[in-house]
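Printed here is model_15.cif (mmCIF, C-alpha atoms):
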```cif
data_structure
loop_
_atom_site.label_atom_id
_atom_site.label_comp_id
_atom_site.auth_asym_id
_atom_site.auth_seq_id
_atom_site.Cartn_x
_atom_site.Cartn_y
_atom_site.Cartn_z
CA GLY A 3 41.13 -2.52 -74.53
CA ASN A 4 41.83 -6.22 -74.60
CA GLY A 5 42.77 -7.02 -71.04
CA MET A 6 45.76 -6.99 -68.75
CA TYR A 7 49.40 -6.65 -69.78
CA LYS A 8 52.57 -7.42 -67.85
CA SER A 9 56.22 -6.43 -68.22
CA THR A 10 59.10 -8.21 -66.49
CA ASP A 11 61.82 -5.96 -67.93
CA ALA A 12 60.81 -2.56 -66.52
CA GLY A 13 58.46 -1.75 -69.39
CA LYS A 14 60.64 -2.59 -72.41
CA THR A 15 58.37 -5.41 -73.55
CA TRP A 16 54.84 -6.44 -72.66
CA SER A 17 52.70 -9.57 -72.84
CA ASN A 18 48.94 -10.02 -72.53
CA ILE A 19 48.01 -11.94 -69.38
CA GLY A 20 44.26 -12.30 -69.72
CA LEU A 21 40.95 -10.66 -68.83
CA THR A 22 40.70 -9.96 -72.56
CA ASP A 23 36.98 -9.12 -72.47
CA SER A 24 37.11 -6.79 -69.47
CA ARG A 25 37.34 -3.80 -71.85
CA GLN A 26 37.58 -0.96 -69.29
CA ILE A 27 39.95 -1.47 -66.34
CA GLY A 28 39.69 1.13 -63.59
CA THR A 29 42.39 0.16 -61.09
CA ILE A 30 45.23 -2.33 -60.61
CA LEU A 31 46.64 -3.10 -57.15
CA VAL A 32 49.84 -5.05 -56.58
CA ASP A 33 50.76 -6.28 -53.12
CA PRO A 34 53.94 -4.37 -52.13
CA LYS A 35 55.25 -7.49 -50.40
CA ASP A 36 54.24 -10.02 -53.06
CA PRO A 37 54.42 -8.97 -56.75
CA ASN A 38 52.43 -12.07 -57.76
CA LEU A 39 49.34 -10.97 -55.78
CA VAL A 40 47.33 -8.66 -57.99
CA TYR A 41 43.80 -7.21 -57.77
CA VAL A 42 42.01 -5.71 -60.79
CA ALA A 43 38.86 -3.57 -60.96
CA ALA A 44 37.23 -4.43 -64.29
CA LEU A 45 34.37 -2.19 -65.38
CA GLY A 46 33.40 -4.27 -68.41
CA HIS A 47 31.65 -3.19 -71.60
CA ALA A 48 30.58 0.44 -71.72
CA TYR A 49 27.62 -0.08 -74.08
CA GLY A 50 26.01 -3.31 -72.90
CA PRO A 51 26.06 -6.21 -70.45
CA SER A 52 29.12 -8.43 -70.16
CA ALA A 53 30.24 -11.22 -67.86
CA GLU A 54 33.93 -10.36 -67.35
CA ARG A 55 33.51 -7.51 -64.91
CA GLY A 56 33.95 -6.94 -61.17
CA VAL A 57 37.01 -7.54 -59.00
CA TYR A 58 39.54 -10.16 -60.11
CA ARG A 59 42.48 -11.59 -58.19
CA SER A 60 45.62 -13.36 -59.30
CA LYS A 61 48.01 -15.11 -56.94
CA ASP A 62 50.46 -16.15 -59.66
CA GLY A 63 51.36 -12.88 -61.35
CA GLY A 64 48.52 -12.97 -63.85
CA ALA A 65 48.89 -16.55 -65.09
CA THR A 66 45.37 -17.26 -63.79
CA TRP A 67 42.54 -15.03 -62.56
CA GLN A 68 39.67 -15.54 -60.15
CA ALA A 69 36.52 -13.41 -60.00
CA VAL A 70 36.27 -12.59 -56.29
CA LEU A 71 33.57 -9.88 -56.41
CA HIS A 72 30.95 -10.12 -59.15
CA LYS A 73 27.42 -8.75 -58.79
CA ASN A 74 25.86 -9.12 -62.23
CA ASP A 75 26.52 -8.58 -65.93
CA ASP A 76 25.51 -4.91 -65.68
CA THR A 77 27.78 -3.96 -62.76
CA GLY A 78 31.55 -3.60 -62.91
CA ALA A 79 34.28 -2.44 -60.55
CA ILE A 80 35.91 0.98 -60.89
CA ASP A 81 38.24 1.49 -57.90
CA LEU A 82 40.28 -0.44 -55.34
CA ALA A 83 42.31 0.45 -52.27
CA PHE A 84 43.95 -1.56 -49.54
CA ASP A 85 45.52 -1.09 -46.18
CA PRO A 86 49.23 -0.71 -47.05
CA ARG A 87 50.12 -2.45 -43.80
CA ASP A 88 47.80 -5.37 -44.46
CA SER A 89 46.97 -6.04 -48.10
CA HIS A 90 44.31 -8.57 -47.07
CA THR A 91 42.10 -5.60 -46.15
CA VAL A 92 40.73 -4.47 -49.50
CA TYR A 93 38.10 -1.87 -50.42
CA ALA A 94 36.32 -2.06 -53.78
CA SER A 95 33.73 0.14 -55.44
CA LEU A 96 31.21 -1.39 -57.82
CA TRP A 97 29.55 0.79 -60.43
CA GLN A 98 26.48 0.04 -62.50
CA THR A 99 26.67 2.31 -65.49
CA ARG A 100 25.87 2.37 -69.19
CA ARG A 101 27.19 4.71 -71.87
CA PRO A 102 24.37 5.06 -74.44
CA PRO A 103 24.98 6.63 -77.86
CA TRP A 104 23.97 10.20 -78.68
CA ASN A 105 24.27 11.38 -75.08
CA VAL A 106 26.67 13.94 -73.65
CA TYR A 107 25.92 13.58 -69.93
CA PRO A 108 23.68 10.54 -69.49
CA ALA A 109 22.64 9.24 -66.11
CA SER A 110 25.50 7.09 -64.84
CA ASN A 111 24.23 5.22 -61.83
CA GLY A 112 22.35 2.08 -60.96
CA PRO A 113 21.25 -0.16 -58.10
CA GLY A 114 24.35 -2.34 -58.42
CA SER A 115 26.66 0.47 -57.34
CA GLY A 116 28.22 0.32 -53.87
CA LEU A 117 31.32 0.16 -51.71
CA TYR A 118 32.60 -3.18 -50.40
CA LYS A 119 35.28 -4.39 -48.01
CA SER A 120 37.16 -7.66 -47.60
CA THR A 121 39.40 -8.57 -44.67
CA ASP A 122 40.62 -11.89 -46.07
CA GLY A 123 42.21 -10.86 -49.35
CA GLY A 124 39.05 -10.98 -51.41
CA ASP A 125 37.59 -14.34 -50.40
CA HIS A 126 34.59 -12.69 -48.73
CA TRP A 127 33.09 -9.22 -49.05
CA THR A 128 30.73 -7.00 -47.02
CA GLN A 129 28.91 -3.99 -48.46
CA LEU A 130 29.54 -0.78 -46.51
CA THR A 131 26.36 1.27 -46.12
CA SER A 132 26.23 3.03 -42.75
CA GLY A 133 26.24 6.76 -43.51
CA LEU A 134 26.79 6.43 -47.26
CA PRO A 135 24.16 7.76 -49.69
CA VAL A 136 21.75 5.42 -51.45
CA GLU A 137 19.67 7.47 -53.90
CA GLY A 138 21.28 7.95 -57.29
CA LEU A 139 24.45 6.15 -56.23
CA GLY A 140 27.05 5.97 -58.98
CA ARG A 141 30.82 6.04 -59.18
CA ILE A 142 32.85 5.91 -55.93
CA GLY A 143 36.55 6.62 -55.52
CA VAL A 144 38.19 5.27 -52.37
CA ALA A 145 41.50 5.85 -50.55
CA VAL A 146 43.02 4.59 -47.29
CA ALA A 147 45.32 6.84 -45.24
CA PRO A 148 48.70 5.01 -45.09
CA SER A 149 49.55 6.57 -41.73
CA ASP A 150 46.20 5.61 -40.18
CA PRO A 151 44.46 2.67 -41.92
CA LYS A 152 41.26 3.31 -39.95
CA ARG A 153 40.88 6.59 -41.85
CA VAL A 154 39.22 5.94 -45.21
CA TYR A 155 37.90 8.48 -47.71
CA ALA A 156 35.32 8.04 -50.47
CA ILE A 157 34.42 10.56 -53.16
CA VAL A 158 30.83 9.66 -54.00
CA ASP A 159 28.63 10.51 -56.99
CA ALA A 160 25.02 10.42 -55.76
CA LYS A 161 22.05 12.67 -55.07
CA ASP A 162 23.74 13.53 -51.77
CA GLY A 163 27.22 13.31 -53.24
CA GLY A 164 30.45 14.63 -51.83
CA LEU A 165 33.45 13.49 -49.84
CA TYR A 166 32.69 10.92 -47.16
CA ARG A 167 35.06 9.94 -44.38
CA SER A 168 35.30 6.94 -42.09
CA ASP A 169 37.40 6.86 -38.92
CA ASP A 170 36.62 3.25 -38.11
CA ALA A 171 37.88 1.40 -41.21
CA GLY A 172 34.64 1.75 -43.14
CA ALA A 173 32.14 0.69 -40.48
CA THR A 174 30.48 4.15 -40.44
CA TRP A 175 30.71 7.19 -42.70
CA THR A 176 30.13 10.95 -42.47
CA ARG A 177 29.87 13.45 -45.32
CA THR A 178 32.59 16.00 -44.60
CA ALA A 179 32.21 18.08 -47.78
CA GLU A 180 29.37 18.53 -50.26
CA ASP A 181 31.09 21.21 -52.37
CA LYS A 182 30.16 20.34 -55.98
CA ARG A 183 33.52 21.56 -57.21
CA ILE A 184 35.07 18.37 -55.88
CA TRP A 185 32.45 15.85 -57.06
CA GLY A 186 30.48 17.46 -59.89
CA ARG A 187 30.40 15.20 -62.96
CA GLY A 188 31.37 12.43 -60.58
CA TRP A 189 31.13 9.77 -63.29
CA TYR A 190 33.92 11.59 -65.17
CA PHE A 191 36.38 12.11 -62.29
CA GLY A 192 35.99 10.30 -58.96
CA VAL A 193 39.56 10.23 -57.61
CA VAL A 194 40.69 10.83 -54.01
CA ALA A 195 44.19 10.45 -52.54
CA VAL A 196 45.68 10.83 -49.06
CA ASP A 197 49.12 12.04 -48.08
CA PRO A 198 51.18 9.03 -46.86
CA ARG A 199 52.26 10.81 -43.66
CA ASN A 200 49.27 13.01 -42.77
CA PRO A 201 45.75 11.49 -42.73
CA ASP A 202 44.17 14.97 -42.73
CA LEU A 203 45.87 16.01 -45.98
CA VAL A 204 43.53 14.96 -48.78
CA TYR A 205 43.51 15.59 -52.54
CA VAL A 206 40.60 15.30 -54.97
CA SER A 207 40.90 15.68 -58.74
CA ASN A 208 38.24 17.34 -60.88
CA THR A 209 38.47 20.32 -63.23
CA SER A 210 41.20 21.36 -60.78
CA VAL A 211 43.09 19.46 -58.12
CA TYR A 212 41.64 20.37 -54.74
CA ARG A 213 43.38 20.02 -51.39
CA SER A 214 42.08 19.77 -47.84
CA THR A 215 44.29 20.12 -44.77
CA ASP A 216 41.54 19.45 -42.22
CA GLY A 217 40.46 15.92 -42.99
CA GLY A 218 38.18 16.71 -45.91
CA LYS A 219 36.08 19.50 -44.40
CA ASN A 220 37.31 22.39 -46.55
CA PHE A 221 38.99 22.42 -49.97
CA THR A 222 41.01 24.96 -51.91
CA VAL A 223 42.45 24.79 -55.43
CA PHE A 224 45.91 23.23 -55.36
CA ARG A 225 46.57 23.13 -59.09
CA GLY A 226 44.71 24.05 -62.27
CA ALA A 227 41.97 26.43 -63.29
CA PRO A 228 38.31 25.41 -63.26
CA GLY A 229 36.97 25.34 -66.78
CA GLY A 230 38.93 22.81 -68.72
CA ASP A 231 42.18 21.49 -67.29
CA ASP A 232 40.59 18.21 -66.09
CA PHE A 233 42.71 16.04 -63.78
CA HIS A 234 42.02 12.31 -63.68
CA ALA A 235 44.80 10.77 -61.58
CA ILE A 236 46.81 11.56 -58.46
CA TRP A 237 49.96 9.81 -57.30
CA ILE A 238 51.82 10.82 -54.15
CA ALA A 239 55.38 9.62 -53.57
#
```

Mind converting the file's structure to structure tokens?
Amino acid sequence: GNGMYKSTDAGKTWSNIGLTDSRQIGTILVDPKDPNLVYVAALGHAYGPSAERGVYRSKDGGATWQAVLHKNDDTGAIDLAFDPRDSHTVYASLWQTRRPPWNVYPASNGPGSGLYKSTDGGDHWTQLTSGLPVEGLGRIGVAVAPSDPKRVYAIVDAKDGGLYRSDDAGATWTRTAEDKRIWGRGWYFGVVAVDPRNPDLVYVSNTSVYRSTDGGKNFTVFRGAPGGDDFHAIWIA
């Protein structure tokens, strides 16, 4: 890829608006109350170090960009989520990974990986660690329950991977499910979504889409057949 694109005519035409060396972009967030406030999770180069990676913010619809969360040239950002009631509360997952040649399933984790939170729109960030795994930490997918912003979910690829839940806006975390069906090959999937009306109704995509109705404790197949369907995105109206 060569950066961010923007359309002002409902997708008929597009123009490049920068971040041209970010290569892999994991997530784009637009403030529902201000279309000019945009956050971007830029993963960066897949095969080597690069500077244009991390979390970027634009306050002018993409005319200019500011790096608001940058760890180092080996660590990029892969996912973002914010409190839909207060877009200044932002969660971001950083991922230190490298995609070497001649490998099918290489190790995809590094010490730069971690989950962060900002309460001032990205000006300052705090790493969230209480209850989250440390060893072998890789890709993290994060979602905030729209009906209860204190409820946050993270699907974590790590030695002790699984679905983690916070009931205090990220201050502390508990692993609610370690079922490998929902987080196996975590570097390849890593998506979690919450129903907008029910904070206990959670979806995770993998080789099938899995659904939990008890706050992430138990999961059943909602759609697909394990063995090759592969689901990589979830959007709930």

TODO: List the neighbours of segment 72-79 of chain A out to 8 Å using only C-alpha atoms; skip same-chain residues closer than 4 positions along the sequence, and give me the result as an NGL selection string.
DONE: :A and (28 or 43-46 or 50-57 or 94-99 or 114-115)

Give me, as CSV, each residue of segment 86-193 of chain A that comes within 10 Å of segment 201-211 of chain A, together with its shortest interatomic pair and the distance in Å at one decimal, counting all atoms listed in the file, with rows ordered by chain and rising residue number.
```
residue,atom,partner,partner_atom,distance
A:Gly143,CA,A:Val206,CA,9.6
A:Ala145,CA,A:Val204,CA,9.5
A:Val146,CA,A:Pro201,CA,8.7
A:Ala147,CA,A:Pro201,CA,5.3
A:Pro148,CA,A:Pro201,CA,7.5
A:Ser149,CA,A:Pro201,CA,6.3
A:Asp150,CA,A:Pro201,CA,6.4
A:Pro151,CA,A:Pro201,CA,9.0
A:Lys152,CA,A:Pro201,CA,9.7
A:Arg153,CA,A:Pro201,CA,7.0
A:Val154,CA,A:Pro201,CA,8.9
A:Tyr155,CA,A:Val204,CA,8.7
A:Ile157,CA,A:Val206,CA,8.0
A:Leu165,CA,A:Val206,CA,9.0
A:Lys182,CA,A:Asn208,CA,9.9
A:Arg183,CA,A:Asn208,CA,7.3
A:Ile184,CA,A:Asn208,CA,6.0
A:Trp185,CA,A:Asn208,CA,7.1
A:Gly186,CA,A:Asn208,CA,7.8
A:Arg187,CA,A:Asn208,CA,8.4
A:Gly188,CA,A:Asn208,CA,8.4
A:Tyr190,CA,A:Asn208,CA,8.4
A:Phe191,CA,A:Asn208,CA,5.7
A:Gly192,CA,A:Ser207,CA,7.3
A:Val193,CA,A:Ser207,CA,5.7
```

Please, could you write that set of residues out with C-alpha atoms as a PDB file, in the frame of the given file?
```pdb
ATOM      1  CA  GLY A 143      36.550   6.620 -55.520  1.00  0.00           C
ATOM      2  CA  ALA A 145      41.500   5.850 -50.550  1.00  0.00           C
ATOM      3  CA  VAL A 146      43.020   4.590 -47.290  1.00  0.00           C
ATOM      4  CA  ALA A 147      45.320   6.840 -45.240  1.00  0.00           C
ATOM      5  CA  PRO A 148      48.700   5.010 -45.090  1.00  0.00           C
ATOM      6  CA  SER A 149      49.550   6.570 -41.730  1.00  0.00           C
ATOM      7  CA  ASP A 150      46.200   5.610 -40.180  1.00  0.00           C
ATOM      8  CA  PRO A 151      44.460   2.670 -41.920  1.00  0.00           C
ATOM      9  CA  LYS A 152      41.260   3.310 -39.950  1.00  0.00           C
ATOM     10  CA  ARG A 153      40.880   6.590 -41.850  1.00  0.00           C
ATOM     11  CA  VAL A 154      39.220   5.940 -45.210  1.00  0.00           C
ATOM     12  CA  TYR A 155      37.900   8.480 -47.710  1.00  0.00           C
ATOM     13  CA  ILE A 157      34.420  10.560 -53.160  1.00  0.00           C
ATOM     14  CA  LEU A 165      33.450  13.490 -49.840  1.00  0.00           C
ATOM     15  CA  LYS A 182      30.160  20.340 -55.980  1.00  0.00           C
ATOM     16  CA  ARG A 183      33.520  21.560 -57.210  1.00  0.00           C
ATOM     17  CA  ILE A 184      35.070  18.370 -55.880  1.00  0.00           C
ATOM     18  CA  TRP A 185      32.450  15.850 -57.060  1.00  0.00           C
ATOM     19  CA  GLY A 186      30.480  17.460 -59.890  1.00  0.00           C
ATOM     20  CA  ARG A 187      30.400  15.200 -62.960  1.00  0.00           C
ATOM     21  CA  GLY A 188      31.370  12.430 -60.580  1.00  0.00           C
ATOM     22  CA  TYR A 190      33.920  11.590 -65.170  1.00  0.00           C
ATOM     23  CA  PHE A 191      36.380  12.110 -62.290  1.00  0.00           C
ATOM     24  CA  GLY A 192      35.990  10.300 -58.960  1.00  0.00           C
ATOM     25  CA  VAL A 193      39.560  10.230 -57.610  1.00  0.00           C
TER      26      VAL A 193
END
```

- [ ] Could you tell me how far atom CA of Val32 of chain A lies from atom CA of Asp169 of chain A, in Å and to one decimal?
- [x] 24.7 Å

- [ ] To one decimal in Å, tell me the separation between atom CA of Asp36 of chain A and atom CA of Ala171 of chain A.
- [x] 23.2 Å

- [ ] Please indicate the distance in Å from atom CA of Gly124 of chain A to atom CA of Thr29 of chain A, rounded to one decimal place.
- [x]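 So the answer is 15.1 Å.
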
Open item on the list: Using only C-alpha atoms - which residues lie no farther than 12 Å from the point (43.4, -16.2, -65.8) in the file's frame? Write them as a PyMOL selection string.
Closed with: chain A and resi 5-7+18-24+40+42+54+58-69

- [ ] Measuring atom to atom with only C-alpha atoms, identify which of A:Val196, A:Ile236, A:Glu180, A:Ala109 is nearest to Phe221 of chain A.
- [x]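 Counting only C-alpha atoms, the residue closest to Phe221 of chain A is A:Glu180.
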
Return segment 51-62 of chain A, completed with all heavy atoms, as a CSV table (one decimal), in the frame of the given file.
```
chain,number,residue,atom,x,y,z
A,51,PRO,N,25.7,-5.3,-71.5
A,51,PRO,CA,26.1,-6.2,-70.4
A,51,PRO,C,27.2,-7.1,-70.9
A,51,PRO,O,27.4,-7.3,-72.1
A,51,PRO,CB,24.8,-7.0,-70.3
A,51,PRO,CG,24.1,-6.9,-71.6
A,51,PRO,CD,24.4,-5.6,-72.1
A,52,SER,N,28.0,-7.5,-69.9
A,52,SER,CA,29.1,-8.4,-70.2
A,52,SER,C,29.5,-9.2,-68.9
A,52,SER,O,29.2,-8.7,-67.8
A,52,SER,CB,30.4,-7.7,-70.7
A,52,SER,OG,30.8,-6.7,-69.7
A,53,ALA,N,30.0,-10.4,-69.0
A,53,ALA,CA,30.2,-11.2,-67.9
A,53,ALA,C,31.6,-10.9,-67.2
A,53,ALA,O,31.7,-11.0,-65.9
A,53,ALA,CB,30.2,-12.7,-68.3
A,54,GLU,N,32.6,-10.5,-67.9
A,54,GLU,CA,33.9,-10.4,-67.4
A,54,GLU,C,34.1,-9.0,-66.7
A,54,GLU,O,34.7,-8.1,-67.3
A,54,GLU,CB,35.0,-10.6,-68.4
A,54,GLU,CG,36.4,-10.9,-67.8
A,54,GLU,CD,37.3,-11.4,-68.9
A,54,GLU,OE1,37.9,-10.6,-69.6
A,54,GLU,OE2,37.6,-12.6,-68.9
A,55,ARG,N,33.5,-8.8,-65.6
A,55,ARG,CA,33.5,-7.5,-64.9
A,55,ARG,C,33.4,-7.8,-63.4
A,55,ARG,O,32.9,-8.8,-63.0
A,55,ARG,CB,32.4,-6.6,-65.4
A,55,ARG,CG,31.0,-7.1,-65.2
A,55,ARG,CD,30.0,-6.4,-66.1
A,55,ARG,NE,30.1,-5.0,-66.3
A,55,ARG,CZ,29.5,-4.3,-67.2
A,55,ARG,NH1,28.7,-4.9,-68.1
A,55,ARG,NH2,29.7,-3.0,-67.3
A,56,GLY,N,33.9,-6.8,-62.6
A,56,GLY,CA,34.0,-6.9,-61.2
A,56,GLY,C,35.4,-6.9,-60.7
A,56,GLY,O,36.3,-6.4,-61.4
A,57,VAL,N,35.7,-7.5,-59.5
A,57,VAL,CA,37.0,-7.5,-59.0
A,57,VAL,C,37.6,-8.9,-59.3
A,57,VAL,O,37.0,-9.9,-58.9
A,57,VAL,CB,37.0,-7.2,-57.5
A,57,VAL,CG1,38.4,-7.4,-56.9
A,57,VAL,CG2,36.5,-5.8,-57.2
A,58,TYR,N,38.8,-8.9,-59.8
A,58,TYR,CA,39.5,-10.2,-60.1
A,58,TYR,C,40.8,-10.2,-59.3
A,58,TYR,O,41.4,-9.1,-59.0
A,58,TYR,CB,39.9,-10.3,-61.6
A,58,TYR,CG,38.7,-10.6,-62.4
A,58,TYR,CD1,37.8,-9.6,-62.8
A,58,TYR,CD2,38.4,-11.9,-62.8
A,58,TYR,CE1,36.7,-9.9,-63.6
A,58,TYR,CE2,37.3,-12.3,-63.6
A,58,TYR,CZ,36.4,-11.2,-64.0
A,58,TYR,OH,35.3,-11.6,-64.7
A,59,ARG,N,41.3,-11.4,-59.0
A,59,ARG,CA,42.5,-11.6,-58.2
A,59,ARG,C,43.4,-12.6,-58.8
A,59,ARG,O,42.9,-13.7,-59.3
A,59,ARG,CB,42.1,-12.0,-56.8
A,59,ARG,CG,43.3,-12.2,-55.9
A,59,ARG,CD,42.9,-12.8,-54.5
A,59,ARG,NE,42.3,-14.1,-54.6
A,59,ARG,CZ,41.6,-14.7,-53.6
A,59,ARG,NH1,41.3,-14.0,-52.5
A,59,ARG,NH2,41.1,-15.9,-53.8
A,60,SER,N,44.6,-12.4,-58.9
A,60,SER,CA,45.6,-13.4,-59.3
A,60,SER,C,46.7,-13.6,-58.2
A,60,SER,O,47.2,-12.6,-57.6
A,60,SER,CB,46.3,-12.9,-60.6
A,60,SER,OG,47.3,-13.9,-60.9
A,61,LYS,N,47.0,-14.8,-57.9
A,61,LYS,CA,48.0,-15.1,-56.9
A,61,LYS,C,49.3,-15.6,-57.6
A,61,LYS,O,50.3,-15.9,-56.9
A,61,LYS,CB,47.5,-16.2,-56.0
A,61,LYS,CG,46.4,-15.7,-55.1
A,61,LYS,CD,45.9,-16.8,-54.1
A,61,LYS,CE,44.8,-16.3,-53.2
A,61,LYS,NZ,44.4,-17.4,-52.2
A,62,ASP,N,49.3,-15.6,-58.9
A,62,ASP,CA,50.5,-16.2,-59.7
A,62,ASP,C,50.9,-15.2,-60.7
A,62,ASP,O,51.3,-15.6,-61.8
A,62,ASP,CB,50.2,-17.5,-60.3
A,62,ASP,CG,48.9,-17.6,-61.1
A,62,ASP,OD1,48.4,-16.5,-61.5
A,62,ASP,OD2,48.4,-18.6,-61.3
```
